[in-house]
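As stored in final-v3.tsv (TSV, C-alpha atoms):
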```
chain	number	residue	atom	x	y	z
A	1	MET	CA	135.21	95.94	145.89
A	2	GLY	CA	133.25	99.18	145.81
A	3	SER	CA	133.28	102.28	147.92
A	4	ASP	CA	132.37	102.60	151.57
A	5	VAL	CA	128.60	102.56	152.12
A	6	SER	CA	128.75	106.00	153.77
A	7	SER	CA	130.12	107.68	150.62
A	8	ALA	CA	128.48	108.46	147.29
A	9	PRO	CA	128.03	105.30	145.20
A	10	ARG	CA	130.61	105.09	142.44
A	11	LEU	CA	129.06	104.68	138.98
A	12	LEU	CA	131.28	103.89	135.98
A	13	TYR	CA	130.12	104.02	132.36
A	14	LEU	CA	132.08	101.91	129.87
A	15	VAL	CA	131.35	102.93	126.27
A	16	THR	CA	133.27	102.71	123.02
A	17	GLU	CA	133.41	106.34	121.89
A	18	ASP	CA	133.21	109.73	123.61
A	19	TRP	CA	130.87	111.11	120.91
A	20	TYR	CA	128.45	108.25	121.53
A	21	PHE	CA	128.38	108.91	125.25
A	22	CYS	CA	127.65	112.58	124.60
A	23	SER	CA	124.88	111.91	122.10
A	24	HIS	CA	123.19	109.02	123.92
A	25	ARG	CA	124.16	108.96	127.62
A	26	LEU	CA	125.41	112.36	128.77
A	27	PRO	CA	122.02	113.53	130.16
A	28	LEU	CA	121.77	110.24	132.07
A	29	GLY	CA	125.26	110.73	133.54
A	30	ILE	CA	124.35	114.27	134.60
A	31	ALA	CA	121.11	113.07	136.20
A	32	ALA	CA	122.98	110.31	138.05
A	33	ARG	CA	125.45	112.87	139.40
A	34	GLN	CA	122.56	115.06	140.54
A	35	ARG	CA	121.06	112.00	142.25
A	36	GLY	CA	124.24	111.62	144.29
A	37	TYR	CA	126.40	109.23	142.27
A	38	ASP	CA	130.12	109.77	141.77
A	39	VAL	CA	130.24	109.31	137.99
A	40	THR	CA	133.19	108.21	135.84
A	41	VAL	CA	133.20	107.65	132.06
A	42	ALA	CA	135.75	105.29	130.53
A	43	THR	CA	135.87	105.60	126.74
A	44	ARG	CA	138.02	106.31	123.71
A	45	VAL	CA	138.58	110.05	123.77
A	46	GLN	CA	138.66	111.98	120.51
A	47	GLN	CA	136.81	115.31	120.26
A	48	HIS	CA	134.20	115.24	123.03
A	49	ALA	CA	136.19	115.31	126.26
A	50	GLU	CA	135.18	118.86	127.17
A	51	PRO	CA	131.38	118.31	127.37
A	52	ILE	CA	131.92	115.28	129.61
A	53	ARG	CA	134.27	117.09	131.98
A	54	ALA	CA	132.17	120.26	131.90
A	55	ALA	CA	129.24	118.19	133.20
A	56	GLY	CA	131.26	117.33	136.31
A	57	LEU	CA	131.98	113.75	135.25
A	58	LYS	CA	135.39	112.14	135.57
A	59	LEU	CA	136.82	111.02	132.23
A	60	VAL	CA	139.22	108.08	131.91
A	61	PRO	CA	140.69	107.65	128.40
A	62	LEU	CA	140.67	104.10	127.04
A	63	GLN	CA	142.48	103.11	123.87
A	64	TRP	CA	140.41	100.59	121.98
A	65	SER	CA	138.60	99.95	118.74
A	66	ARG	CA	135.00	98.89	118.35
A	67	HIS	CA	135.96	96.34	115.70
A	68	GLY	CA	139.37	95.08	116.79
A	69	HIS	CA	140.39	91.65	115.51
A	70	ASN	CA	144.02	91.47	116.70
A	71	LEU	CA	144.02	88.98	119.57
A	72	VAL	CA	147.13	90.37	121.26
A	73	ARG	CA	145.77	93.91	121.08
A	74	GLU	CA	142.38	92.81	122.38
A	75	LEU	CA	143.95	91.07	125.36
A	76	GLY	CA	145.81	94.30	126.07
A	77	THR	CA	142.52	96.19	125.93
A	78	LEU	CA	140.95	93.77	128.40
A	79	ARG	CA	143.90	94.26	130.74
A	80	GLU	CA	143.40	98.03	130.47
A	81	VAL	CA	139.72	97.69	131.36
A	82	LEU	CA	140.70	95.53	134.33
A	83	ARG	CA	143.20	98.16	135.45
A	84	ILE	CA	140.54	100.86	135.31
A	85	TYR	CA	138.08	98.78	137.34
A	86	ARG	CA	140.70	98.07	140.00
A	87	GLN	CA	141.68	101.73	140.09
A	88	GLU	CA	138.16	103.22	140.15
A	89	ARG	CA	136.57	100.52	142.35
A	90	PRO	CA	133.01	101.21	141.16
A	91	ASP	CA	129.93	100.12	143.08
A	92	ILE	CA	127.97	99.83	139.85
A	93	VAL	CA	128.99	99.77	136.20
A	94	HIS	CA	126.92	100.50	133.11
A	95	HIS	CA	128.24	98.87	129.92
A	96	VAL	CA	126.85	100.00	126.55
A	97	ALA	CA	127.14	97.91	123.33
A	98	ILE	CA	128.68	94.52	122.57
A	99	LYS	CA	132.36	95.05	123.33
A	100	PRO	CA	131.90	97.01	126.56
A	101	VAL	CA	129.33	94.44	127.71
A	102	LEU	CA	131.70	91.53	127.13
A	103	TYR	CA	134.96	93.10	128.34
A	104	GLY	CA	133.29	95.07	131.11
A	105	SER	CA	131.42	92.06	132.44
A	106	ILE	CA	134.63	90.03	132.55
A	107	ALA	CA	136.38	92.85	134.40
A	108	ALA	CA	133.46	93.28	136.79
A	109	ARG	CA	133.49	89.60	137.65
A	110	MET	CA	137.26	89.49	138.15
A	111	THR	CA	137.28	92.60	140.36
A	112	GLY	CA	134.17	91.80	142.35
A	113	THR	CA	132.17	94.86	141.22
A	114	PRO	CA	128.94	94.67	143.24
A	115	ALA	CA	126.37	95.64	140.59
A	116	VAL	CA	126.37	95.48	136.79
A	117	VAL	CA	124.05	97.01	134.20
A	118	ASN	CA	124.52	95.92	130.59
A	119	ALA	CA	122.81	97.76	127.74
A	120	ILE	CA	122.42	96.41	124.22
A	121	ALA	CA	121.37	99.09	121.75
A	122	GLY	CA	120.08	96.43	119.35
A	123	LEU	CA	121.01	93.12	117.77
A	124	GLY	CA	121.53	94.93	114.45
A	125	TYR	CA	124.06	93.45	112.03
A	126	LEU	CA	124.50	90.25	114.01
A	127	GLU	CA	120.79	89.47	113.74
A	128	SER	CA	119.92	90.92	110.32
A	129	SER	CA	122.87	89.55	108.32
A	130	SER	CA	122.93	85.98	107.06
A	131	ASP	CA	126.58	85.87	106.00
A	132	LEU	CA	128.95	83.38	107.62
A	133	ARG	CA	130.95	86.02	109.46
A	134	ALA	CA	127.83	87.41	111.15
A	135	ARG	CA	126.57	83.94	112.10
A	136	LEU	CA	129.90	82.97	113.65
A	137	LEU	CA	130.21	86.25	115.51
A	138	ARG	CA	126.63	85.97	116.76
A	139	ALA	CA	127.38	82.50	118.18
A	140	VAL	CA	130.51	83.78	119.95
A	141	VAL	CA	128.77	86.88	121.35
A	142	GLU	CA	125.73	84.96	122.59
A	143	THR	CA	127.92	82.33	124.25
A	144	GLY	CA	129.74	85.14	126.05
A	145	TYR	CA	126.47	86.79	127.02
A	146	GLY	CA	125.14	83.54	128.43
A	147	MET	CA	128.22	83.16	130.62
A	148	LEU	CA	128.30	86.77	131.84
A	149	LEU	CA	124.82	88.32	131.95
A	150	ASN	CA	123.07	86.27	134.61
A	151	ARG	CA	125.11	87.10	137.70
A	152	PRO	CA	123.38	88.35	140.88
A	153	ASN	CA	122.73	92.10	141.12
A	154	SER	CA	122.83	92.53	137.35
A	155	ARG	CA	120.36	93.69	134.71
A	156	LEU	CA	120.37	93.66	130.94
A	157	ILE	CA	118.66	96.66	129.33
A	158	VAL	CA	117.17	96.09	125.88
A	159	GLN	CA	115.33	98.65	123.78
A	160	ASN	CA	112.51	96.73	122.12
A	161	PRO	CA	110.36	93.67	122.90
A	162	ASP	CA	111.60	91.73	119.84
A	163	ASP	CA	115.17	91.73	121.15
A	164	LEU	CA	113.98	90.84	124.64
A	165	SER	CA	111.98	87.86	123.35
A	166	ALA	CA	114.80	86.63	121.10
A	167	LEU	CA	117.45	86.70	123.85
A	168	VAL	CA	115.21	85.01	126.42
A	169	LYS	CA	113.97	82.33	124.01
A	170	ARG	CA	117.51	81.45	122.98
A	171	GLY	CA	118.51	81.10	126.63
A	172	VAL	CA	121.02	83.95	126.48
A	173	VAL	CA	119.62	85.73	129.53
A	174	ASP	CA	117.05	84.95	132.20
A	175	ALA	CA	113.79	86.85	131.84
A	176	ASP	CA	114.01	88.23	135.39
A	177	ARG	CA	117.36	89.84	134.56
A	178	VAL	CA	116.02	91.93	131.66
A	179	ALA	CA	114.64	95.48	131.75
A	180	LEU	CA	112.89	96.97	128.70
A	181	ILE	CA	113.73	100.67	128.36
A	182	ARG	CA	112.80	102.04	124.97
A	183	GLY	CA	115.86	103.82	123.66
A	184	SER	CA	117.94	106.63	125.06
A	185	GLY	CA	115.07	109.12	124.87
A	186	VAL	CA	114.75	112.46	123.15
A	187	ASP	CA	114.96	116.00	124.51
A	188	VAL	CA	111.55	117.25	123.42
A	189	ALA	CA	112.44	120.79	124.50
A	190	ARG	CA	115.42	120.88	122.14
A	191	TYR	CA	113.85	118.97	119.25
A	192	ARG	CA	110.71	120.99	118.55
A	193	PRO	CA	108.45	121.17	115.51
A	194	VAL	CA	108.79	124.06	113.08
A	195	PRO	CA	106.94	124.56	109.78
A	196	GLU	CA	108.32	122.68	106.81
A	197	PRO	CA	110.66	124.66	104.58
A	198	GLU	CA	109.35	125.85	101.25
A	199	GLY	CA	110.80	124.89	97.89
A	200	THR	CA	111.84	121.50	96.58
A	201	PRO	CA	111.12	118.90	99.29
A	202	LEU	CA	114.14	117.40	101.03
A	203	VAL	CA	114.31	113.79	102.24
A	204	VAL	CA	117.16	112.90	104.63
A	205	LEU	CA	118.55	109.58	105.81
A	206	PRO	CA	120.32	110.27	109.15
A	207	ALA	CA	122.57	107.33	110.07
A	208	ARG	CA	126.01	105.81	109.78
A	209	LEU	CA	126.39	104.82	106.14
A	210	LEU	CA	126.00	101.05	106.44
A	211	ARG	CA	124.25	98.61	104.16
A	212	ASP	CA	122.06	97.36	106.99
A	213	LYS	CA	120.78	100.91	107.51
A	214	GLY	CA	119.12	100.53	104.10
A	215	VAL	CA	121.41	103.04	102.40
A	216	VAL	CA	121.53	101.12	99.10
A	217	GLU	CA	117.72	100.79	98.98
A	218	TYR	CA	117.39	104.50	99.74
A	219	VAL	CA	119.69	105.40	96.86
A	220	GLU	CA	117.82	103.05	94.52
A	221	ALA	CA	114.48	104.59	95.56
A	222	ALA	CA	115.86	108.10	95.01
A	223	ARG	CA	117.14	107.09	91.57
A	224	LYS	CA	113.73	105.66	90.66
A	225	LEU	CA	111.86	108.77	91.76
A	226	ARG	CA	114.22	111.08	89.93
A	227	ALA	CA	113.73	109.00	86.78
A	228	GLU	CA	109.97	109.45	87.19
A	229	GLY	CA	110.40	113.21	87.36
A	230	VAL	CA	109.47	113.54	91.05
A	231	ALA	CA	110.72	116.88	92.35
A	232	ALA	CA	112.76	116.14	95.49
A	233	ARG	CA	116.24	116.22	96.97
A	234	PHE	CA	117.73	113.26	98.81
A	235	ALA	CA	120.55	113.58	101.35
A	236	LEU	CA	122.68	111.11	103.30
A	237	VAL	CA	123.51	112.59	106.71
A	238	GLY	CA	126.31	110.51	108.17
A	239	GLU	CA	129.73	109.06	107.42
A	240	PRO	CA	130.85	105.61	106.28
A	241	ASP	CA	132.12	103.43	109.15
A	242	ALA	CA	135.10	101.91	107.40
A	243	LYS	CA	135.76	99.27	110.06
A	244	HIS	CA	132.20	97.93	110.06
A	245	PRO	CA	131.62	94.83	107.89
A	246	ALA	CA	128.49	96.41	106.37
A	247	ALA	CA	130.13	99.76	105.56
A	248	ILE	CA	129.29	101.66	102.40
A	249	SER	CA	132.49	102.35	100.51
A	250	ARG	CA	133.72	105.85	99.91
A	251	ALA	CA	133.87	104.98	96.20
A	252	ASP	CA	130.14	104.17	96.14
A	253	LEU	CA	129.32	107.39	97.98
A	254	ASP	CA	131.40	109.44	95.55
A	255	ARG	CA	129.77	107.71	92.58
A	256	TRP	CA	126.24	108.39	93.85
A	257	GLN	CA	127.05	112.05	94.38
A	258	ALA	CA	128.65	112.37	90.95
A	259	GLU	CA	125.54	110.81	89.46
A	260	GLY	CA	123.47	113.45	91.24
A	261	VAL	CA	121.11	110.93	92.83
A	262	VAL	CA	121.90	111.90	96.45
A	263	GLU	CA	123.73	114.61	98.37
A	264	GLY	CA	126.39	113.53	100.85
A	265	TRP	CA	126.24	115.81	103.88
A	266	GLY	CA	128.64	113.88	106.06
A	267	TRP	CA	128.59	113.98	109.85
A	268	ARG	CA	126.47	116.78	111.28
A	269	GLU	CA	126.89	117.79	114.91
A	270	ASN	CA	123.67	119.82	115.06
A	271	MET	CA	120.84	117.47	114.12
A	272	VAL	CA	118.23	120.02	115.17
A	273	ASP	CA	119.15	122.05	112.10
A	274	VAL	CA	119.04	118.97	109.86
A	275	PHE	CA	115.50	118.08	110.87
A	276	GLN	CA	114.30	121.66	110.61
A	277	CYS	CA	115.53	122.03	107.04
A	278	CYS	CA	114.03	118.77	105.73
A	279	ASN	CA	110.49	117.63	104.89
A	280	ILE	CA	110.72	113.86	105.34
A	281	VAL	CA	113.02	111.58	107.37
A	282	CYS	CA	113.75	108.12	105.99
A	283	LEU	CA	115.52	105.22	107.74
A	284	PRO	CA	115.01	101.95	105.81
A	285	SER	CA	117.05	99.93	108.32
A	286	TYR	CA	117.03	96.12	108.47
A	287	ARG	CA	116.89	96.06	112.28
A	288	GLU	CA	117.44	98.50	115.14
A	289	GLY	CA	117.43	98.71	118.93
A	290	LEU	CA	115.37	101.87	119.00
A	291	PRO	CA	116.82	104.49	116.65
A	292	LYS	CA	117.49	107.83	118.27
A	293	ALA	CA	117.35	109.56	114.88
A	294	LEU	CA	113.71	108.55	114.47
A	295	LEU	CA	112.85	109.81	117.96
A	296	GLU	CA	114.47	113.13	117.13
A	297	ALA	CA	112.63	113.28	113.80
A	298	ALA	CA	109.29	112.57	115.48
A	299	ALA	CA	109.91	115.19	118.17
A	300	SER	CA	110.86	117.65	115.42
A	301	GLY	CA	107.49	117.18	113.74
A	302	ARG	CA	108.66	115.41	110.62
A	303	ALA	CA	106.88	112.62	108.76
A	304	ILE	CA	108.88	109.38	108.71
A	305	VAL	CA	109.32	106.48	106.32
A	306	THR	CA	111.00	103.45	107.86
A	307	CYS	CA	110.86	99.66	107.79
A	308	ASP	CA	108.53	97.27	109.56
A	309	VAL	CA	111.33	95.73	111.62
A	310	PRO	CA	112.25	95.54	115.32
A	311	GLY	CA	113.13	98.93	116.75
A	312	CYS	CA	111.76	101.03	113.90
A	313	ARG	CA	108.18	99.87	114.40
A	314	GLU	CA	108.46	100.82	118.06
A	315	VAL	CA	108.75	104.46	116.98
A	316	VAL	CA	106.48	104.46	113.92
A	317	ARG	CA	102.98	103.04	113.56
A	318	ASP	CA	101.99	102.73	109.94
A	319	GLY	CA	99.60	105.48	108.91
A	320	ASP	CA	99.66	107.04	112.38
A	321	ASN	CA	102.94	108.94	112.60
A	322	GLY	CA	104.72	107.61	109.54
A	323	LEU	CA	104.76	104.91	106.88
A	324	LEU	CA	106.23	101.42	107.25
A	325	VAL	CA	107.61	99.43	104.32
A	326	PRO	CA	109.22	95.98	104.05
A	327	PRO	CA	113.00	95.92	104.56
A	328	ARG	CA	115.36	95.48	101.58
A	329	ASP	CA	112.58	96.64	99.20
A	330	SER	CA	113.52	99.76	97.24
A	331	ALA	CA	110.34	99.66	95.13
A	332	SER	CA	108.06	99.82	98.19
A	333	LEU	CA	110.28	102.50	99.67
A	334	ALA	CA	109.97	104.61	96.53
A	335	ILE	CA	106.17	104.27	96.56
A	336	ALA	CA	105.95	105.40	100.21
A	337	LEU	CA	108.28	108.36	99.64
A	338	LYS	CA	106.38	109.39	96.51
A	339	ARG	CA	103.12	109.29	98.43
A	340	LEU	CA	104.43	111.62	101.12
A	341	LEU	CA	106.18	113.93	98.68
A	342	ALA	CA	102.87	114.42	96.86
A	343	ASP	CA	100.71	115.00	99.95
A	344	ARG	CA	101.72	117.85	102.23
A	345	GLU	CA	98.61	117.53	104.38
A	346	LEU	CA	99.38	113.85	105.04
A	347	ARG	CA	102.90	114.83	106.07
A	348	ARG	CA	101.47	117.38	108.49
A	349	ARG	CA	99.06	114.88	110.05
A	350	LEU	CA	101.76	112.23	110.52
A	351	ALA	CA	104.13	114.86	111.90
A	352	ARG	CA	101.62	116.03	114.53
A	353	ARG	CA	101.13	112.47	115.78
A	354	GLY	CA	104.88	111.89	115.80
A	355	ARG	CA	105.38	114.87	118.06
A	356	GLU	CA	102.60	113.70	120.38
A	357	ARG	CA	104.10	110.22	120.67
A	358	ALA	CA	107.60	111.57	121.26
A	359	VAL	CA	106.36	113.69	124.17
A	360	GLU	CA	104.09	111.04	125.67
A	361	GLU	CA	106.23	107.90	125.24
A	362	PHE	CA	109.87	108.69	124.50
A	363	SER	CA	110.92	111.79	126.44
A	364	ILE	CA	114.43	111.66	127.86
A	365	ASP	CA	113.11	112.33	131.38
A	366	ARG	CA	111.17	109.07	131.28
A	367	VAL	CA	114.16	107.06	130.07
A	368	ILE	CA	116.43	108.59	132.73
A	369	ALA	CA	113.95	107.83	135.52
A	370	ASP	CA	113.58	104.21	134.39
A	371	THR	CA	117.36	103.74	134.15
A	372	LEU	CA	118.05	105.24	137.58
A	373	ASN	CA	115.45	102.85	138.99
A	374	VAL	CA	117.42	99.94	137.49
A	375	TYR	CA	120.56	101.24	139.23
A	376	GLN	CA	118.73	101.30	142.56
A	377	GLU	CA	117.42	97.77	142.07
A	378	CYS	CA	120.88	96.43	141.30
A	379	LEU	CA	122.37	98.19	144.31
A	380	GLY	CA	119.55	96.96	146.52
A	381	ARG	CA	118.60	100.49	147.64
```
If you convert what's in this file into structure tokens, what do you get?
Amino acid sequence: MGSDVSSAPRLLYLVTEDWYFCSHRLPLGIAARQRGYDVTVATRVQQHAEPIRAAGLKLVPLQWSRHGHNLVRELGTLREVLRIYRQERPDIVHHVAIKPVLYGSIAARMTGTPAVVNAIAGLGYLESSSDLRARLLRAVVETGYGMLLNRPNSRLIVQNPDDLSALVKRGVVDADRVALIRGSGVDVARYRPVPEPEGTPLVVLPARLLRDKGVVEYVEAARKLRAEGVAARFALVGEPDAKHPAAISRADLDRWQAEGVVEGWGWRENMVDVFQCCNIVCLPSYREGLPKALLEAAASGRAIVTCDVPGCREVVRDGDNGLLVPPRDSASLAIALKRLLADRELRRRLARRGRERAVEEFSIDRVIADTLNVYQECLGR
């Protein structure tokens, strides 16, 4: 399959949601188009079709769910992905996250797509959870990966060295098929430092409201600090993901807000404003790929408290540009937050280093260049 060698190479992105493509991959798609690729995005379309089309990218709607468990429906989704691959005839595909990687890789193999790039944002829930459901799903996913990820002219992109080591050691993927690209990058021109706001300090947790993002520990730490009389506000910036097995319930969120322990801000489109109006950013996650929210916080010149786990410790070095605490430990989290809330000069010093690291190590231009190089390697150009 694939287009004629004399024409622009056809690049197809397969992602779960249009909002995710816009927040994490749109600048890459634009850069690929500028480099001469004919770019198509296949995804579930909700409210972000216009930015994708306005960027000159072709948009192909795909009806699917990230967490589907109906076998008949899932087989229908796979047939739809196959139809798209036969229709678009891409030279190279870029799959992002578990379901696109599995379904897209099957479709690429069945349609003879010449080059395949698979991107795993992190092992997340499958790696951090010990419940039976997670262990069974991890075994199924890794078996699928092992069968699909080692074909010629393919690369697997991972975001941190812990994930790379784990997948290679377990025999899921060959080491020479893996590329380490640290996250999706941050636009350091858009996310810029501004002075902290005055008044009662504000701590925000920017993430989907899942247990493995450390939301419960964050609420417990906030409750402890309020009981100690520490002057601070605590906000959850994100929505529950009802279909995720680790989702925070709406009832819990309502109860916490009624108690007055945290503010529920919901989904915010403009995260620049969120970081500018806060004093501290907190993400006590159990495991990440490389969290974009922490890159944005660092670029915005905000001190960070996060956990000493894969992904998070790639962004934050303890005492350098933030504080690291053990995961699942609300007491340690409260101590770290209290320390920063009491020491404005420490916050400023950590914030300055965070900005420096964001510019030097995590700029979006660097990530785009590294990813386009992977495309060229897979295409043999």
Which of A:Leu156, A:Leu82, A:Gln63, A:Glu314 sits closest to Arg109 (chain A) [using only C-alpha atoms]
A:Leu82
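Distance check against Ser330 (chain A) using only C-alpha atoms: of A:Pro310, A:Gly185, A:Pro284, A:Gly354, the minimum falls on A:Pro284.
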Pick from A:Val305, A:Ala8, A:Val186, A:Ala334: nearest to Ser363 (chain A), with only C-alpha atoms counted?
A:Val186
I'd like the interatomic distance between CA of Asp308 (chain A) and CA of Pro245 (chain A), to a tenth of an Å.
23.3 Å
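Note that the spacing between CA of Arg33 (chain A) and CA of Pro9 (chain A) amounts to 9.9 Å.
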Taking all atoms listed in the file into account, which of A:Val117, A:Leu337, A:Leu26, A:Ala247 comes nearest Ile304 (chain A)?
A:Leu337
Tell me, as a count of residues only, which residues lie within 12 Å of Arg211 (chain A), counting only C-alpha atoms; anything in the same chain fewer than 6 positions away does not count.
25
Using all atoms listed in the file for the distances, tell me which of A:Val316, A:Ala298, A:Leu210, A:Leu62 is nearest to Val272 (chain A).
A:Ala298
Smallest atom-to-atom distance to Gly301 (chain A): which of A:Glu220, A:Glu288, A:Glu356, A:Glu361, using only C-alpha atoms?
A:Glu356
For region 92-107 of chain A, what centre and edge lengths in Å (one decimal) does the axis-aligned box get once 6 Å is added on each side of all its listed atoms, as lines of an AutoDock Vina configuration file?
```
center_x = 131.6
center_y = 95.3
center_z = 131.2
size_x = 21.5
size_y = 22.5
size_z = 29.3
```
Who sits within 10 Å of Thr77 (chain A), only C-alpha atoms, same chain under 3 positions skipped, as a list in words:
Leu62, Gln63, Trp64, Ser65, Gly68, Leu71, Val72, Arg73, Glu74, Glu80, Val81, Leu82, Arg83 and Tyr103 of chain A
Please, could you write that set of residues out with C-alpha atoms as a PDB file, in the frame of the given file?
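Below is the file result.pdb, written as the result:
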```pdb
ATOM      1  CA  LEU A  62     140.670 104.100 127.040  1.00  0.00           C
ATOM      2  CA  GLN A  63     142.480 103.110 123.870  1.00  0.00           C
ATOM      3  CA  TRP A  64     140.410 100.590 121.980  1.00  0.00           C
ATOM      4  CA  SER A  65     138.600  99.950 118.740  1.00  0.00           C
ATOM      5  CA  GLY A  68     139.370  95.080 116.790  1.00  0.00           C
ATOM      6  CA  LEU A  71     144.020  88.980 119.570  1.00  0.00           C
ATOM      7  CA  VAL A  72     147.130  90.370 121.260  1.00  0.00           C
ATOM      8  CA  ARG A  73     145.770  93.910 121.080  1.00  0.00           C
ATOM      9  CA  GLU A  74     142.380  92.810 122.380  1.00  0.00           C
ATOM     10  CA  GLU A  80     143.400  98.030 130.470  1.00  0.00           C
ATOM     11  CA  VAL A  81     139.720  97.690 131.360  1.00  0.00           C
ATOM     12  CA  LEU A  82     140.700  95.530 134.330  1.00  0.00           C
ATOM     13  CA  ARG A  83     143.200  98.160 135.450  1.00  0.00           C
ATOM     14  CA  TYR A 103     134.960  93.100 128.340  1.00  0.00           C
TER      15      TYR A 103
END
```
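In this model, the gap between CA of Ala297 (chain A) and CA of Glu269 (chain A) comes to 15.0 Å.
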Write out as a count of residues only which residues come within 12 Å of Pro161 (chain A) when counting only C-alpha atoms, dropping same-chain ones fewer than 3 positions away.
26
Can you list, as a count of residues only, every protein, DNA or RNA residue that comes within 8 Å of Gly146 (chain A) when you count all atoms listed in the file, leaving out same-chain residues fewer than 6 positions away?
3
Contact residues around Gly29 (chain A) with all atoms listed in the file at 9 Å, ignoring same-chain residues under 4 positions, as number ranges by chain
A: 11, 13, 25, 33-34, 37, 39-41, 52, 55, 57
Could you rebuild region 137-156 of chain A with N, CA and C atoms and give me the result as a PDB file, in the coordinates of the input?
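What follows is the written file rebuild.pdb:
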```pdb
ATOM      1  N   LEU A 137     130.053  85.238 114.474  1.00  0.00           N
ATOM      2  CA  LEU A 137     130.210  86.250 115.510  1.00  0.00           C
ATOM      3  C   LEU A 137     129.026  86.237 116.458  1.00  0.00           C
ATOM      4  N   ARG A 138     127.814  86.039 115.918  1.00  0.00           N
ATOM      5  CA  ARG A 138     126.630  85.970 116.760  1.00  0.00           C
ATOM      6  C   ARG A 138     126.742  84.813 117.759  1.00  0.00           C
ATOM      7  N   ALA A 139     127.224  83.656 117.297  1.00  0.00           N
ATOM      8  CA  ALA A 139     127.380  82.500 118.180  1.00  0.00           C
ATOM      9  C   ALA A 139     128.387  82.793 119.297  1.00  0.00           C
ATOM     10  N   VAL A 140     129.491  83.450 118.945  1.00  0.00           N
ATOM     11  CA  VAL A 140     130.510  83.780 119.950  1.00  0.00           C
ATOM     12  C   VAL A 140     129.957  84.782 120.964  1.00  0.00           C
ATOM     13  N   VAL A 141     129.298  85.831 120.466  1.00  0.00           N
ATOM     14  CA  VAL A 141     128.770  86.880 121.350  1.00  0.00           C
ATOM     15  C   VAL A 141     127.706  86.299 122.281  1.00  0.00           C
ATOM     16  N   GLU A 142     126.804  85.491 121.746  1.00  0.00           N
ATOM     17  CA  GLU A 142     125.730  84.960 122.590  1.00  0.00           C
ATOM     18  C   GLU A 142     126.267  83.956 123.606  1.00  0.00           C
ATOM     19  N   THR A 143     127.299  83.218 123.257  1.00  0.00           N
ATOM     20  CA  THR A 143     127.920  82.330 124.250  1.00  0.00           C
ATOM     21  C   THR A 143     128.516  83.155 125.387  1.00  0.00           C
ATOM     22  N   GLY A 144     129.198  84.253 125.022  1.00  0.00           N
ATOM     23  CA  GLY A 144     129.740  85.140 126.050  1.00  0.00           C
ATOM     24  C   GLY A 144     128.662  85.763 126.902  1.00  0.00           C
ATOM     25  N   TYR A 145     127.589  86.224 126.264  1.00  0.00           N
ATOM     26  CA  TYR A 145     126.470  86.790 127.020  1.00  0.00           C
ATOM     27  C   TYR A 145     125.924  85.779 128.021  1.00  0.00           C
ATOM     28  N   GLY A 146     125.717  84.555 127.552  1.00  0.00           N
ATOM     29  CA  GLY A 146     125.140  83.540 128.430  1.00  0.00           C
ATOM     30  C   GLY A 146     125.988  83.269 129.661  1.00  0.00           C
ATOM     31  N   MET A 147     127.312  83.406 129.508  1.00  0.00           N
ATOM     32  CA  MET A 147     128.220  83.160 130.620  1.00  0.00           C
ATOM     33  C   MET A 147     128.314  84.357 131.570  1.00  0.00           C
ATOM     34  N   LEU A 148     127.983  85.555 131.081  1.00  0.00           N
ATOM     35  CA  LEU A 148     128.300  86.770 131.840  1.00  0.00           C
ATOM     36  C   LEU A 148     127.091  87.570 132.321  1.00  0.00           C
ATOM     37  N   LEU A 149     125.918  87.392 131.709  1.00  0.00           N
ATOM     38  CA  LEU A 149     124.820  88.320 131.950  1.00  0.00           C
ATOM     39  C   LEU A 149     123.864  87.916 133.064  1.00  0.00           C
ATOM     40  N   ASN A 150     124.058  86.759 133.658  1.00  0.00           N
ATOM     41  CA  ASN A 150     123.070  86.270 134.610  1.00  0.00           C
ATOM     42  C   ASN A 150     123.571  86.238 136.052  1.00  0.00           C
ATOM     43  N   ARG A 151     124.572  87.048 136.345  1.00  0.00           N
ATOM     44  CA  ARG A 151     125.110  87.100 137.700  1.00  0.00           C
ATOM     45  C   ARG A 151     124.143  87.826 138.620  1.00  0.00           C
ATOM     46  N   PRO A 152     124.224  87.600 139.936  1.00  0.00           N
ATOM     47  CA  PRO A 152     123.380  88.350 140.880  1.00  0.00           C
ATOM     48  C   PRO A 152     123.646  89.855 140.783  1.00  0.00           C
ATOM     49  N   ASN A 153     122.628  90.637 141.132  1.00  0.00           N
ATOM     50  CA  ASN A 153     122.730  92.100 141.120  1.00  0.00           C
ATOM     51  C   ASN A 153     123.123  92.646 139.745  1.00  0.00           C
ATOM     52  N   SER A 154     122.569  92.038 138.700  1.00  0.00           N
ATOM     53  CA  SER A 154     122.830  92.530 137.350  1.00  0.00           C
ATOM     54  C   SER A 154     121.507  92.641 136.589  1.00  0.00           C
ATOM     55  N   ARG A 155     121.504  93.538 135.598  1.00  0.00           N
ATOM     56  CA  ARG A 155     120.360  93.690 134.710  1.00  0.00           C
ATOM     57  C   ARG A 155     120.879  93.900 133.295  1.00  0.00           C
ATOM     58  N   LEU A 156     120.126  93.390 132.337  1.00  0.00           N
ATOM     59  CA  LEU A 156     120.370  93.660 130.940  1.00  0.00           C
ATOM     60  C   LEU A 156     119.258  94.581 130.446  1.00  0.00           C
TER      61      LEU A 156
END
```
